[in-house]
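**Q** My file is data.csv. It has CSV, N, CA and C atoms and all ligand atoms:
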```
chain,number,residue,atom,x,y,z
A,1434,MET,N,-132.4,20.9,13.1
A,1434,MET,CA,-131.1,21.6,12.9
A,1434,MET,C,-130.4,21.0,11.8
A,1435,MET,N,-130.0,21.8,10.8
A,1435,MET,CA,-129.3,21.4,9.6
A,1435,MET,C,-127.9,21.1,9.9
A,1436,SER,N,-127.4,19.8,9.6
A,1436,SER,CA,-126.0,19.5,9.8
A,1436,SER,C,-125.2,19.9,8.5
A,1437,TYR,N,-123.9,20.0,8.7
A,1437,TYR,CA,-123.0,20.3,7.5
A,1437,TYR,C,-123.1,19.3,6.4
A,1438,SER,N,-123.3,18.0,6.8
A,1438,SER,CA,-123.5,17.0,5.8
A,1438,SER,C,-124.7,17.2,5.0
A,1439,GLN,N,-125.8,17.5,5.7
A,1439,GLN,CA,-127.1,17.8,5.0
A,1439,GLN,C,-127.0,19.0,4.1
A,1440,LEU,N,-126.2,20.0,4.6
A,1440,LEU,CA,-126.0,21.3,3.8
A,1440,LEU,C,-125.2,20.9,2.5
A,1441,LEU,N,-124.2,20.0,2.7
A,1441,LEU,CA,-123.5,19.6,1.5
A,1441,LEU,C,-124.4,18.9,0.5
A,1442,LYS,N,-125.3,18.0,1.0
A,1442,LYS,CA,-126.2,17.3,0.1
A,1442,LYS,C,-127.1,18.3,-0.7
A,1443,GLU,N,-127.5,19.3,0.0
A,1443,GLU,CA,-128.3,20.3,-0.7
A,1443,GLU,C,-127.5,21.0,-1.8
A,1444,ALA,N,-126.2,21.3,-1.5
A,1444,ALA,CA,-125.3,21.9,-2.5
A,1444,ALA,C,-125.1,20.9,-3.7
A,1445,PHE,N,-125.0,19.6,-3.4
A,1445,PHE,CA,-124.8,18.6,-4.5
A,1445,PHE,C,-126.1,18.6,-5.3
A,1446,LYS,N,-127.2,18.6,-4.7
A,1446,LYS,CA,-128.5,18.7,-5.5
A,1446,LYS,C,-128.6,19.8,-6.4
A,1447,ALA,N,-128.1,21.0,-5.9
A,1447,ALA,CA,-128.2,22.2,-6.7
A,1447,ALA,C,-127.3,22.2,-8.0
A,1448,THR,N,-126.3,21.3,-8.0
A,1448,THR,CA,-125.4,21.2,-9.2
A,1448,THR,C,-126.3,20.6,-10.4
A,1449,ARG,N,-127.4,20.0,-10.1
A,1449,ARG,CA,-128.2,19.4,-11.2
A,1449,ARG,C,-128.8,20.5,-12.1
A,1450,ASN,N,-129.0,21.7,-11.5
A,1450,ASN,CA,-129.6,22.8,-12.3
A,1450,ASN,C,-128.5,23.7,-12.9
A,1451,SER,N,-127.2,23.4,-12.6
A,1451,SER,CA,-126.1,24.2,-13.1
A,1451,SER,C,-126.2,24.3,-14.6
A,1452,TYR,N,-126.0,25.5,-15.1
A,1452,TYR,CA,-125.9,25.7,-16.6
A,1452,TYR,C,-124.5,26.0,-16.9
A,1453,ALA,N,-123.8,24.9,-17.3
A,1453,ALA,CA,-122.3,25.0,-17.6
A,1453,ALA,C,-121.9,24.3,-18.9
A,1454,PRO,N,-122.5,24.8,-20.0
A,1454,PRO,CA,-122.2,24.1,-21.3
A,1454,PRO,C,-120.8,24.3,-21.8
A,1455,TYR,N,-120.2,25.4,-21.3
A,1455,TYR,CA,-118.8,25.7,-21.8
A,1455,TYR,C,-117.7,25.1,-21.0
A,1456,SER,N,-117.8,25.2,-19.7
A,1456,SER,CA,-116.7,24.6,-18.8
A,1456,SER,C,-117.1,23.2,-18.4
A,1457,ARG,N,-118.3,22.8,-18.5
A,1457,ARG,CA,-118.8,21.5,-18.0
A,1457,ARG,C,-118.4,21.3,-16.5
A,1458,PHE,N,-118.2,22.4,-15.8
A,1458,PHE,CA,-117.8,22.4,-14.4
A,1458,PHE,C,-119.0,22.9,-13.6
A,1459,ARG,N,-119.8,21.9,-13.2
A,1459,ARG,CA,-121.1,22.2,-12.5
A,1459,ARG,C,-120.8,22.4,-11.0
A,1460,VAL,N,-121.3,23.6,-10.5
A,1460,VAL,CA,-121.1,23.9,-9.2
A,1460,VAL,C,-122.4,24.2,-8.5
A,1461,GLY,N,-122.6,23.8,-7.2
A,1461,GLY,CA,-123.8,24.0,-6.4
A,1461,GLY,C,-123.4,24.7,-5.1
A,1462,ALA,N,-124.2,25.5,-4.6
A,1462,ALA,CA,-124.0,26.1,-3.3
A,1462,ALA,C,-125.3,26.1,-2.5
A,1463,ALA,N,-125.2,25.9,-1.2
A,1463,ALA,CA,-126.3,25.9,-0.3
A,1463,ALA,C,-126.0,26.9,0.9
A,1464,LEU,N,-126.8,27.9,1.0
A,1464,LEU,CA,-126.6,28.9,2.0
A,1464,LEU,C,-127.6,28.6,3.2
A,1465,LEU,N,-127.0,28.6,4.4
A,1465,LEU,CA,-127.9,28.4,5.6
A,1465,LEU,C,-128.1,29.7,6.2
A,1466,THR,N,-129.4,30.1,6.4
A,1466,THR,CA,-129.8,31.3,7.0
A,1466,THR,C,-129.8,31.2,8.5
A,1467,ASP,N,-129.8,32.3,9.2
A,1467,ASP,CA,-129.9,32.3,10.7
A,1467,ASP,C,-131.1,31.6,11.2
A,1468,GLU,N,-132.2,31.6,10.3
A,1468,GLU,CA,-133.5,31.1,10.7
A,1468,GLU,C,-133.5,29.6,10.4
A,1469,GLY,N,-132.4,29.0,9.8
A,1469,GLY,CA,-132.4,27.6,9.5
A,1469,GLY,C,-132.9,27.2,8.1
A,1470,GLU,N,-133.2,28.2,7.3
A,1470,GLU,CA,-133.6,28.0,5.9
A,1470,GLU,C,-132.4,27.7,5.1
A,1471,VAL,N,-132.6,27.0,4.0
A,1471,VAL,CA,-131.5,26.7,3.0
A,1471,VAL,C,-131.9,27.4,1.7
A,1472,VAL,N,-131.0,28.2,1.2
A,1472,VAL,CA,-131.2,28.8,-0.2
A,1472,VAL,C,-130.1,28.3,-1.1
A,1473,THR,N,-130.4,27.7,-2.2
A,1473,THR,CA,-129.4,27.1,-3.0
A,1473,THR,C,-129.1,28.0,-4.2
A,1474,GLY,N,-128.0,27.7,-4.9
A,1474,GLY,CA,-127.7,28.4,-6.1
A,1474,GLY,C,-126.8,27.5,-7.0
A,1475,CYS,N,-126.7,27.7,-8.3
A,1475,CYS,CA,-125.8,27.0,-9.2
A,1475,CYS,C,-125.1,28.0,-10.0
A,1476,ASN,N,-124.1,27.5,-10.7
A,1476,ASN,CA,-123.4,28.4,-11.6
A,1476,ASN,C,-124.2,28.6,-12.9
A,1477,VAL,N,-124.2,29.7,-13.5
A,1477,VAL,CA,-125.0,30.0,-14.7
A,1477,VAL,C,-124.0,30.7,-15.7
A,1478,GLU,N,-123.6,29.9,-16.7
A,1478,GLU,CA,-122.6,30.4,-17.7
A,1478,GLU,C,-123.3,31.2,-18.8
A,1479,ASN,N,-122.5,31.8,-19.6
A,1479,ASN,CA,-123.1,32.6,-20.7
A,1479,ASN,C,-122.2,32.5,-21.9
A,1480,ALA,N,-122.7,32.6,-23.1
A,1480,ALA,CA,-121.9,32.5,-24.4
A,1480,ALA,C,-120.9,33.7,-24.4
A,1481,SER,N,-121.3,34.8,-23.7
A,1481,SER,CA,-120.3,35.8,-23.5
A,1481,SER,C,-119.7,35.5,-22.1
A,1482,TYR,N,-118.6,34.7,-22.1
A,1482,TYR,CA,-118.1,34.0,-20.9
A,1482,TYR,C,-118.0,34.9,-19.7
A,1483,GLY,N,-117.5,36.1,-19.9
A,1483,GLY,CA,-117.3,37.0,-18.7
A,1483,GLY,C,-118.6,37.3,-17.9
A,1484,LEU,N,-119.7,37.0,-18.5
A,1484,LEU,CA,-121.0,37.3,-17.8
A,1484,LEU,C,-121.5,36.1,-16.9
A,1485,SER,N,-120.7,35.1,-16.9
A,1485,SER,CA,-121.1,33.9,-16.1
A,1485,SER,C,-121.1,34.2,-14.6
A,1486,ASN,N,-122.0,33.6,-13.9
A,1486,ASN,CA,-122.2,33.8,-12.5
A,1486,ASN,C,-121.9,32.5,-11.7
A,1487,CYS,N,-121.2,32.7,-10.6
A,1487,CYS,CA,-120.9,31.5,-9.7
A,1487,CYS,C,-122.1,31.1,-8.9
A,1488,ALA,N,-122.1,29.8,-8.5
A,1488,ALA,CA,-123.1,29.3,-7.6
A,1488,ALA,C,-123.3,30.0,-6.3
A,1489,GLU,N,-122.2,30.4,-5.7
A,1489,GLU,CA,-122.3,31.1,-4.4
A,1489,GLU,C,-123.0,32.4,-4.5
A,1490,ARG,N,-122.6,33.2,-5.6
A,1490,ARG,CA,-123.3,34.5,-5.8
A,1490,ARG,C,-124.7,34.3,-6.2
A,1491,THR,N,-125.0,33.3,-6.9
A,1491,THR,CA,-126.4,33.0,-7.3
A,1491,THR,C,-127.2,32.8,-6.0
A,1492,ALA,N,-126.7,32.0,-5.1
A,1492,ALA,CA,-127.4,31.7,-3.8
A,1492,ALA,C,-127.5,33.0,-3.0
A,1493,VAL,N,-126.5,33.8,-2.9
A,1493,VAL,CA,-126.6,35.0,-2.1
A,1493,VAL,C,-127.6,36.0,-2.7
A,1494,PHE,N,-127.6,36.2,-4.0
A,1494,PHE,CA,-128.5,37.1,-4.6
A,1494,PHE,C,-129.9,36.6,-4.5
A,1495,ARG,N,-130.1,35.3,-4.6
A,1495,ARG,CA,-131.4,34.7,-4.5
A,1495,ARG,C,-131.9,35.0,-3.1
A,1496,ALA,N,-131.1,34.7,-2.1
A,1496,ALA,CA,-131.5,34.8,-0.7
A,1496,ALA,C,-131.9,36.3,-0.4
A,1497,VAL,N,-131.0,37.2,-0.8
A,1497,VAL,CA,-131.3,38.6,-0.5
A,1497,VAL,C,-132.6,39.1,-1.2
A,1498,SER,N,-132.8,38.6,-2.4
A,1498,SER,CA,-134.0,39.0,-3.1
A,1498,SER,C,-135.3,38.4,-2.4
A,1499,MET,N,-135.0,37.3,-1.6
A,1499,MET,CA,-136.1,36.8,-0.8
A,1499,MET,C,-136.3,37.4,0.6
A,1500,GLY,N,-135.4,38.4,0.8
A,1500,GLY,CA,-135.5,39.2,2.1
A,1500,GLY,C,-134.6,38.6,3.2
A,1501,ARG,N,-133.7,37.7,2.8
A,1501,ARG,CA,-132.8,37.1,3.8
A,1501,ARG,C,-131.4,37.7,3.7
A,1502,ARG,N,-130.9,38.1,4.9
A,1502,ARG,CA,-129.5,38.7,4.8
A,1502,ARG,C,-128.6,38.2,5.9
A,1503,ARG,N,-129.2,37.3,6.8
A,1503,ARG,CA,-128.3,36.8,7.9
A,1503,ARG,C,-128.0,35.3,7.6
A,1504,PHE,N,-126.7,35.1,7.4
A,1504,PHE,CA,-126.3,33.7,7.0
A,1504,PHE,C,-125.3,33.1,8.0
A,1505,LYS,N,-125.4,31.8,8.2
A,1505,LYS,CA,-124.6,31.1,9.2
A,1505,LYS,C,-123.4,30.4,8.4
A,1506,ALA,N,-123.8,29.8,7.3
A,1506,ALA,CA,-122.8,28.9,6.6
A,1506,ALA,C,-123.2,28.8,5.2
A,1507,ILE,N,-122.2,28.4,4.4
A,1507,ILE,CA,-122.4,28.1,3.0
A,1507,ILE,C,-121.7,26.8,2.6
A,1508,ALA,N,-122.3,25.9,1.9
A,1508,ALA,CA,-121.7,24.7,1.4
A,1508,ALA,C,-121.5,24.9,-0.1
A,1509,VAL,N,-120.3,24.5,-0.6
A,1509,VAL,CA,-120.0,24.7,-2.0
A,1509,VAL,C,-119.4,23.3,-2.5
A,1510,VAL,N,-119.9,22.9,-3.6
A,1510,VAL,CA,-119.4,21.6,-4.2
A,1510,VAL,C,-119.4,21.7,-5.7
A,1511,SER,N,-118.5,20.9,-6.3
A,1511,SER,CA,-118.6,20.7,-7.8
A,1511,SER,C,-119.0,19.3,-8.1
A,1512,SER,N,-119.4,19.1,-9.3
A,1512,SER,CA,-119.8,17.7,-9.7
A,1512,SER,C,-118.6,16.9,-10.1
A,1513,LYS,N,-117.4,17.6,-10.2
A,1513,LYS,CA,-116.2,16.9,-10.7
A,1513,LYS,C,-115.2,16.7,-9.6
A,1514,VAL,N,-114.6,17.8,-9.2
A,1514,VAL,CA,-113.4,17.8,-8.2
A,1514,VAL,C,-113.8,18.4,-6.9
A,1515,ASN,N,-113.5,17.8,-5.8
A,1515,ASN,CA,-113.8,18.4,-4.5
A,1515,ASN,C,-112.5,18.1,-3.7
A,1516,PRO,N,-112.2,19.0,-2.7
A,1516,PRO,CA,-112.9,20.2,-2.4
A,1516,PRO,C,-112.7,21.3,-3.5
A,1517,VAL,N,-113.8,22.2,-3.6
A,1517,VAL,CA,-113.6,23.4,-4.3
A,1517,VAL,C,-114.0,24.6,-3.4
A,1518,TYR,N,-113.2,25.6,-3.4
A,1518,TYR,CA,-113.5,26.8,-2.5
A,1518,TYR,C,-114.0,28.0,-3.4
A,1519,PRO,N,-114.7,28.9,-2.7
A,1519,PRO,CA,-115.2,30.0,-3.5
A,1519,PRO,C,-114.1,30.9,-4.1
A,1520,CYS,N,-114.4,31.4,-5.2
A,1520,CYS,CA,-113.4,32.3,-5.9
A,1520,CYS,C,-113.3,33.7,-5.1
A,1521,GLY,N,-112.4,34.5,-5.5
A,1521,GLY,CA,-112.2,35.8,-4.8
A,1521,GLY,C,-113.4,36.7,-4.8
A,1522,ALA,N,-114.1,36.7,-6.0
A,1522,ALA,CA,-115.3,37.6,-6.1
A,1522,ALA,C,-116.4,37.1,-5.1
A,1523,CYS,N,-116.6,35.8,-5.1
A,1523,CYS,CA,-117.6,35.3,-4.2
A,1523,CYS,C,-117.3,35.5,-2.7
A,1524,ARG,N,-116.0,35.4,-2.4
A,1524,ARG,CA,-115.6,35.6,-1.0
A,1524,ARG,C,-116.0,37.0,-0.6
A,1525,GLN,N,-115.7,38.0,-1.5
A,1525,GLN,CA,-116.0,39.4,-1.1
A,1525,GLN,C,-117.6,39.6,-1.0
A,1526,VAL,N,-118.3,39.0,-1.9
A,1526,VAL,CA,-119.8,39.1,-1.8
A,1526,VAL,C,-120.3,38.4,-0.5
A,1527,LEU,N,-119.8,37.3,-0.2
A,1527,LEU,CA,-120.2,36.6,1.1
A,1527,LEU,C,-119.9,37.5,2.3
A,1528,ARG,N,-118.7,38.1,2.2
A,1528,ARG,CA,-118.2,38.9,3.4
A,1528,ARG,C,-119.1,40.0,3.7
A,1529,GLU,N,-119.8,40.6,2.7
A,1529,GLU,CA,-120.7,41.7,3.0
A,1529,GLU,C,-121.7,41.4,4.1
A,1530,PHE,N,-122.1,40.2,4.1
A,1530,PHE,CA,-123.2,39.8,5.0
A,1530,PHE,C,-122.8,39.1,6.3
A,1531,ASN,N,-121.6,38.4,6.3
A,1531,ASN,CA,-121.1,37.8,7.5
A,1531,ASN,C,-119.6,37.5,7.3
A,1532,PRO,N,-118.7,38.4,7.9
A,1532,PRO,CA,-117.3,38.1,7.7
A,1532,PRO,C,-116.8,36.8,8.4
A,1533,GLY,N,-117.7,36.3,9.4
A,1533,GLY,CA,-117.3,35.1,10.1
A,1533,GLY,C,-118.0,33.9,9.6
A,1534,LEU,N,-118.6,34.0,8.4
A,1534,LEU,CA,-119.3,32.9,7.8
A,1534,LEU,C,-118.5,31.5,7.8
A,1535,THR,N,-119.2,30.5,8.1
A,1535,THR,CA,-118.6,29.1,8.0
A,1535,THR,C,-118.7,28.7,6.6
A,1536,VAL,N,-117.6,28.2,6.0
A,1536,VAL,CA,-117.6,27.7,4.7
A,1536,VAL,C,-117.4,26.2,4.7
A,1537,VAL,N,-118.3,25.5,4.1
A,1537,VAL,CA,-118.2,24.0,4.1
A,1537,VAL,C,-118.0,23.5,2.7
A,1538,VAL,N,-117.0,22.7,2.5
A,1538,VAL,CA,-116.7,22.1,1.2
A,1538,VAL,C,-116.6,20.5,1.5
A,1539,ALA,N,-116.6,19.8,0.4
A,1539,ALA,CA,-116.6,18.3,0.5
A,1539,ALA,C,-115.2,17.8,0.3
A,1540,ASP,N,-114.8,16.8,1.1
A,1540,ASP,CA,-113.5,16.2,0.9
A,1540,ASP,C,-113.7,15.2,-0.3
A,1541,GLY,N,-112.7,14.5,-0.6
A,1541,GLY,CA,-112.7,13.5,-1.8
A,1541,GLY,C,-113.8,12.5,-1.7
A,1542,ARG,N,-114.3,12.2,-0.5
A,1542,ARG,CA,-115.4,11.2,-0.3
A,1542,ARG,C,-116.7,11.9,0.0
A,1543,GLY,N,-116.8,13.2,-0.2
A,1543,GLY,CA,-118.1,13.9,0.0
A,1543,GLY,C,-118.4,14.2,1.5
A,1544,ARG,N,-117.4,14.1,2.3
A,1544,ARG,CA,-117.7,14.5,3.7
A,1544,ARG,C,-117.3,15.9,4.0
A,1545,PRO,N,-117.9,16.6,4.9
A,1545,PRO,CA,-117.7,18.0,5.1
A,1545,PRO,C,-116.3,18.4,5.7
A,1546,LEU,N,-115.7,19.4,5.1
A,1546,LEU,CA,-114.5,20.1,5.6
A,1546,LEU,C,-115.0,21.5,5.9
A,1547,THR,N,-114.7,22.1,7.1
A,1547,THR,CA,-115.1,23.4,7.3
A,1547,THR,C,-114.0,24.4,7.5
A,1548,THR,N,-114.2,25.6,7.1
A,1548,THR,CA,-113.3,26.7,7.4
A,1548,THR,C,-114.1,28.0,7.6
A,1549,THR,N,-113.5,29.1,7.7
A,1549,THR,CA,-114.2,30.3,7.9
A,1549,THR,C,-113.8,31.3,6.8
A,1550,LEU,N,-114.7,32.3,6.5
A,1550,LEU,CA,-114.5,33.3,5.6
A,1550,LEU,C,-113.3,34.2,6.0
A,1551,GLU,N,-113.2,34.4,7.3
A,1551,GLU,CA,-112.1,35.2,7.9
A,1551,GLU,C,-110.8,34.7,7.5
A,1552,ARG,N,-110.7,33.4,7.5
A,1552,ARG,CA,-109.4,32.7,7.2
A,1552,ARG,C,-109.1,32.8,5.7
A,1553,MET,N,-110.2,32.8,4.9
A,1553,MET,CA,-110.1,32.8,3.4
A,1553,MET,C,-109.9,34.2,2.9
A,1554,LEU,N,-110.3,35.2,3.6
A,1554,LEU,CA,-110.2,36.6,3.2
A,1554,LEU,C,-109.8,37.5,4.3
A,1555,PRO,N,-108.5,37.4,4.7
A,1555,PRO,CA,-108.1,38.2,5.9
A,1555,PRO,C,-108.0,39.7,5.5
A,1556,ASN,N,-108.1,40.5,6.6
A,1556,ASN,CA,-108.0,42.0,6.4
A,1556,ASN,C,-108.9,42.5,5.3
A,1557,SER,N,-110.1,42.1,5.4
A,1557,SER,CA,-111.0,42.3,4.2
A,1557,SER,C,-111.7,43.7,4.3
A,1558,PHE,N,-112.2,44.1,3.2
A,1558,PHE,CA,-112.9,45.4,3.1
A,1558,PHE,C,-114.4,45.1,3.2
A,1559,GLY,N,-115.1,45.9,4.0
A,1559,GLY,CA,-116.5,45.7,4.2
A,1559,GLY,C,-117.3,46.9,4.4
A,1560,PRO,N,-118.6,46.8,4.8
A,1560,PRO,CA,-119.5,48.0,5.0
A,1560,PRO,C,-118.9,48.9,6.0
A,1561,GLU,N,-118.3,48.4,7.1
A,1561,GLU,CA,-117.8,49.3,8.1
A,1561,GLU,C,-116.5,50.0,7.7
A,1562,SER,N,-115.9,49.6,6.6
A,1562,SER,CA,-114.7,50.3,6.1
A,1562,SER,C,-115.1,51.6,5.5
A,1563,LEU,N,-116.4,51.8,5.1
A,1563,LEU,CA,-116.9,53.0,4.5
A,1563,LEU,C,-117.2,54.0,5.6
A,1564,ARG,N,-117.4,53.6,6.9
A,1564,ARG,CA,-117.7,54.5,7.9
A,1564,ARG,C,-116.5,55.2,8.5
A,1565,ARG,N,-116.7,56.5,8.8
A,1565,ARG,CA,-115.5,57.3,9.3
A,1565,ARG,C,-115.3,56.8,10.7
A,1566,LYS,N,-114.0,56.6,11.1
A,1566,LYS,CA,-113.7,56.2,12.4
A,1566,LYS,C,-113.4,57.4,13.3
A,1567,ARG,N,-113.8,57.3,14.6
A,1567,ARG,CA,-113.5,58.4,15.5
A,1567,ARG,C,-112.0,58.7,15.7
A,1568,GLY,N,-111.6,59.9,15.8
A,1568,GLY,CA,-110.2,60.3,16.0
A,1568,GLY,C,-109.4,60.3,14.8
A,1569,ARG,N,-110.0,60.3,13.6
A,1569,ARG,CA,-109.2,60.3,12.4
A,1569,ARG,C,-109.6,61.5,11.5
A,1601,ZN,ZN,-117.2,32.7,-7.4
```
Let me see the file written as structure tokens.

**A**
Amino acid sequence: MMSYSQLLKEAFKATRNSYAPYSRFRVGAALLTDEGEVVTGCNVENASYGLSNCAERTAVFRAVSMGRRRFKAIAVVSSKVNPVYPCGACRQVLREFNPGLTVVVADGRGRPLTTTLERMLPNSFGPESLRRKRGR
């Protein structure tokens, strides 16, 4: 069973592959699947800045492309300042697959702090928002 400390370590490892020549802000994410697998991601910047992709979305897109869609938790860290929390775009992408996802970040000493996506993105829009509700 993967602990949140271990998941944080995997996220820290993922920062090594970060491609962040412009911001120098290296970010790593580690997504824990329901099956106990860990899928990591890093931020990937681009000379056309707006095309840069965050570590969290890299991890989600990588996991989905591997056929994984059920996630328990995600750990997010930067190589500079912690804690760092997912940006708004990543919160929405994570919400698609599990609105109750546990989000793990590192405190100043690298220890896990946990919260939930529900807290970070209240009253969110998701797949069920597209379905017609009975009586309307
Ligand atoms: Zn993001």

**Q** One number please: atom CA of Lys1442 of chain A to atom CA of Tyr1482 of chain A, in Å, one decimal.

**A**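 The value is 28.0 Å.
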
**Q** Please extract the residues at most 5 Å from ligand ZN 1601 (chain A), counting only N, CA and C atoms and all ligand atoms, and provide them as a list in words, using the chain letters and residue numbers of this document.

**A**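 Counting only what the definition allows, namely only N, CA and C atoms and all ligand atoms, the set is Cys1487, Pro1519, Cys1520 and Cys1523 of chain A.
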
**Q** Can you write out the residues you just picked, keeping N, CA and C atoms, as a PDB file, in the frame of the given file?

**A**
```pdb
ATOM      1  N   CYS A1487    -121.200  32.700 -10.600  1.00  0.00           N
ATOM      2  CA  CYS A1487    -120.900  31.500  -9.700  1.00  0.00           C
ATOM      3  C   CYS A1487    -122.100  31.100  -8.900  1.00  0.00           C
ATOM      4  N   PRO A1519    -114.700  28.900  -2.700  1.00  0.00           N
ATOM      5  CA  PRO A1519    -115.200  30.000  -3.500  1.00  0.00           C
ATOM      6  C   PRO A1519    -114.100  30.900  -4.100  1.00  0.00           C
ATOM      7  N   CYS A1520    -114.400  31.400  -5.200  1.00  0.00           N
ATOM      8  CA  CYS A1520    -113.400  32.300  -5.900  1.00  0.00           C
ATOM      9  C   CYS A1520    -113.300  33.700  -5.100  1.00  0.00           C
ATOM     10  N   CYS A1523    -116.600  35.800  -5.100  1.00  0.00           N
ATOM     11  CA  CYS A1523    -117.600  35.300  -4.200  1.00  0.00           C
ATOM     12  C   CYS A1523    -117.300  35.500  -2.700  1.00  0.00           C
TER      13      CYS A1523
END
```

**Q** Tell me which of A:Arg1490, A:Arg1565, A:Arg1503, A:Ser1557 sits closest to Glu1468 of chain A, counting only N, CA and C atoms.

**A**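 Ranked by minimum distance to Glu1468 of chain A, first place goes to A:Arg1503.
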
**Q** Give me the residues of segment 1463-1542 of chain A that have any atom at most 12 Å from an atom of segment 1560-1563 of chain A; for each, the nearest atom pair and the distance in Å, rounded to one decimal. Use only C-alpha atoms, sort by chain and number, and format it as a Markdown table.

**A**
```
| residue | atom | partner | partner_atom | distance |
| --- | --- | --- | --- | --- |
| A:Gln1525 | CA | A:Pro1560 | CA | 11.1 |
| A:Val1526 | CA | A:Pro1560 | CA | 11.2 |
| A:Arg1528 | CA | A:Pro1560 | CA | 9.3 |
| A:Glu1529 | CA | A:Pro1560 | CA | 6.7 |
| A:Phe1530 | CA | A:Pro1560 | CA | 9.0 |
| A:Asn1531 | CA | A:Pro1560 | CA | 10.6 |
| A:Pro1532 | CA | A:Pro1560 | CA | 10.5 |
```

**Q** One number please: atom N of Val1497 of chain A to atom C of Pro1516 of chain A, in Å, one decimal.

**A**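 So the answer is 24.4 Å.
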
**Q** Apply DSSP to the backbone of this structure and, from segment 1449-1547 of chain A, keep only the residues in strand (DSSP E); write these as a list in words.

**A**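 The strand (DSSP E) residues within segment 1449-1547 of chain A come out as Val1460, Gly1461, Ala1462, Ala1463, Leu1464, Leu1465, Thr1466, Val1471, Val1472, Thr1473, Gly1474, Cys1475, Phe1504, Lys1505, Ala1506, Ile1507, Ala1508, Val1509, Val1510, Ser1511, Thr1535, Val1536, Val1537, Val1538, Ala1539, Pro1545, Leu1546 and Thr1547 of chain A.
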
**Q** When distances are computed from all atoms listed in the file, which of A:Leu1465, A:Ala1522, A:Leu1440, A:Ala1488 shows the smallest separation from Ala1506 of chain A?

**A**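 Among the listed residues, A:Leu1465 lies closest to Ala1506 of chain A.
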
**Q** Take atom CA of Asn1450 of chain A and atom CA of Cys1475 of chain A and report the distance between them in Å, one decimal.

**A**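 Answer for the atom CA of Asn1450 of chain A to atom CA of Cys1475 of chain A separation: 6.5 Å.
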
**Q** Which of these, A:Thr1535, A:Ser1485, A:Thr1491, A:Thr1466, has the shortest distance to Leu1550 of chain A once you count all atoms listed in the file?

**A**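 Going through A:Thr1535, A:Ser1485, A:Thr1491, A:Thr1466 one by one, the smallest distance to Leu1550 of chain A is for A:Thr1535.
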
**Q** With DSSP run on the backbone, what are the helix (DSSP H, G or I) residues within segment 1534-1567 of chain A? I'd like them as a list in words.

**A**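 Selecting the helix (DSSP H, G or I) positions of segment 1534-1567 of chain A gives Leu1550, Glu1551, Arg1552, Met1553, Pro1560, Glu1561, Ser1562 and Leu1563 of chain A.
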
**Q** Would you mind telling me which residue in A:Arg1552, A:Lys1513, A:Ala1492, A:Ser1498 lies nearest to Leu1527 of chain A when using only C-alpha atoms?

**A**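 When distances to Leu1527 of chain A are compared using only C-alpha atoms, the smallest one comes from A:Ala1492.
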
**Q** Select, from A:Val1471, A:Val1477, A:Leu1546, A:Leu1484, the residue with the minimum atom-to-atom distance to Val1510 of chain A, counting only C-alpha atoms.

**A** A:Leu1546

**Q** Check the smallest atom-to-atom distance from each of A:Gly1533, A:Ala1539, A:Pro1545, A:Lys1446 to Val1517 of chain A using only N, CA and C atoms, then report the winner.

**A**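 Distance minimum relative to Val1517 of chain A lands on A:Ala1539.
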
**Q** For Arg1449 of chain A, work out the shell of residues within 8 Å, counting only N, CA and C atoms and skipping chain neighbours fewer than 3 positions away, then give it as a list in words.

**A**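 Within the cut-off, the hits are Ala1444, Phe1445, Lys1446, Tyr1452, Arg1459, Val1460, Gly1461, Cys1475 and Ser1512 of chain A.
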
**Q** Taking 5 positions as the minimum chain separation for residues in the same chain, which residues sit within 8 Å of segment 1434-1436 of chain A when counting only N, CA and C atoms? Answer as a PDB file with N, CA and C atoms, in the frame of the given file.

**A**
```
ATOM      1  N   LEU A1441    -124.200  20.000   2.700  1.00  0.00           N
ATOM      2  CA  LEU A1441    -123.500  19.600   1.500  1.00  0.00           C
ATOM      3  C   LEU A1441    -124.400  18.900   0.500  1.00  0.00           C
ATOM      4  N   LYS A1442    -125.300  18.000   1.000  1.00  0.00           N
ATOM      5  CA  LYS A1442    -126.200  17.300   0.100  1.00  0.00           C
ATOM      6  C   LYS A1442    -127.100  18.300  -0.700  1.00  0.00           C
ATOM      7  N   GLY A1469    -132.400  29.000   9.800  1.00  0.00           N
ATOM      8  CA  GLY A1469    -132.400  27.600   9.500  1.00  0.00           C
ATOM      9  C   GLY A1469    -132.900  27.200   8.100  1.00  0.00           C
ATOM     10  N   GLU A1470    -133.200  28.200   7.300  1.00  0.00           N
ATOM     11  CA  GLU A1470    -133.600  28.000   5.900  1.00  0.00           C
ATOM     12  C   GLU A1470    -132.400  27.700   5.100  1.00  0.00           C
TER      13      GLU A1470
END
```
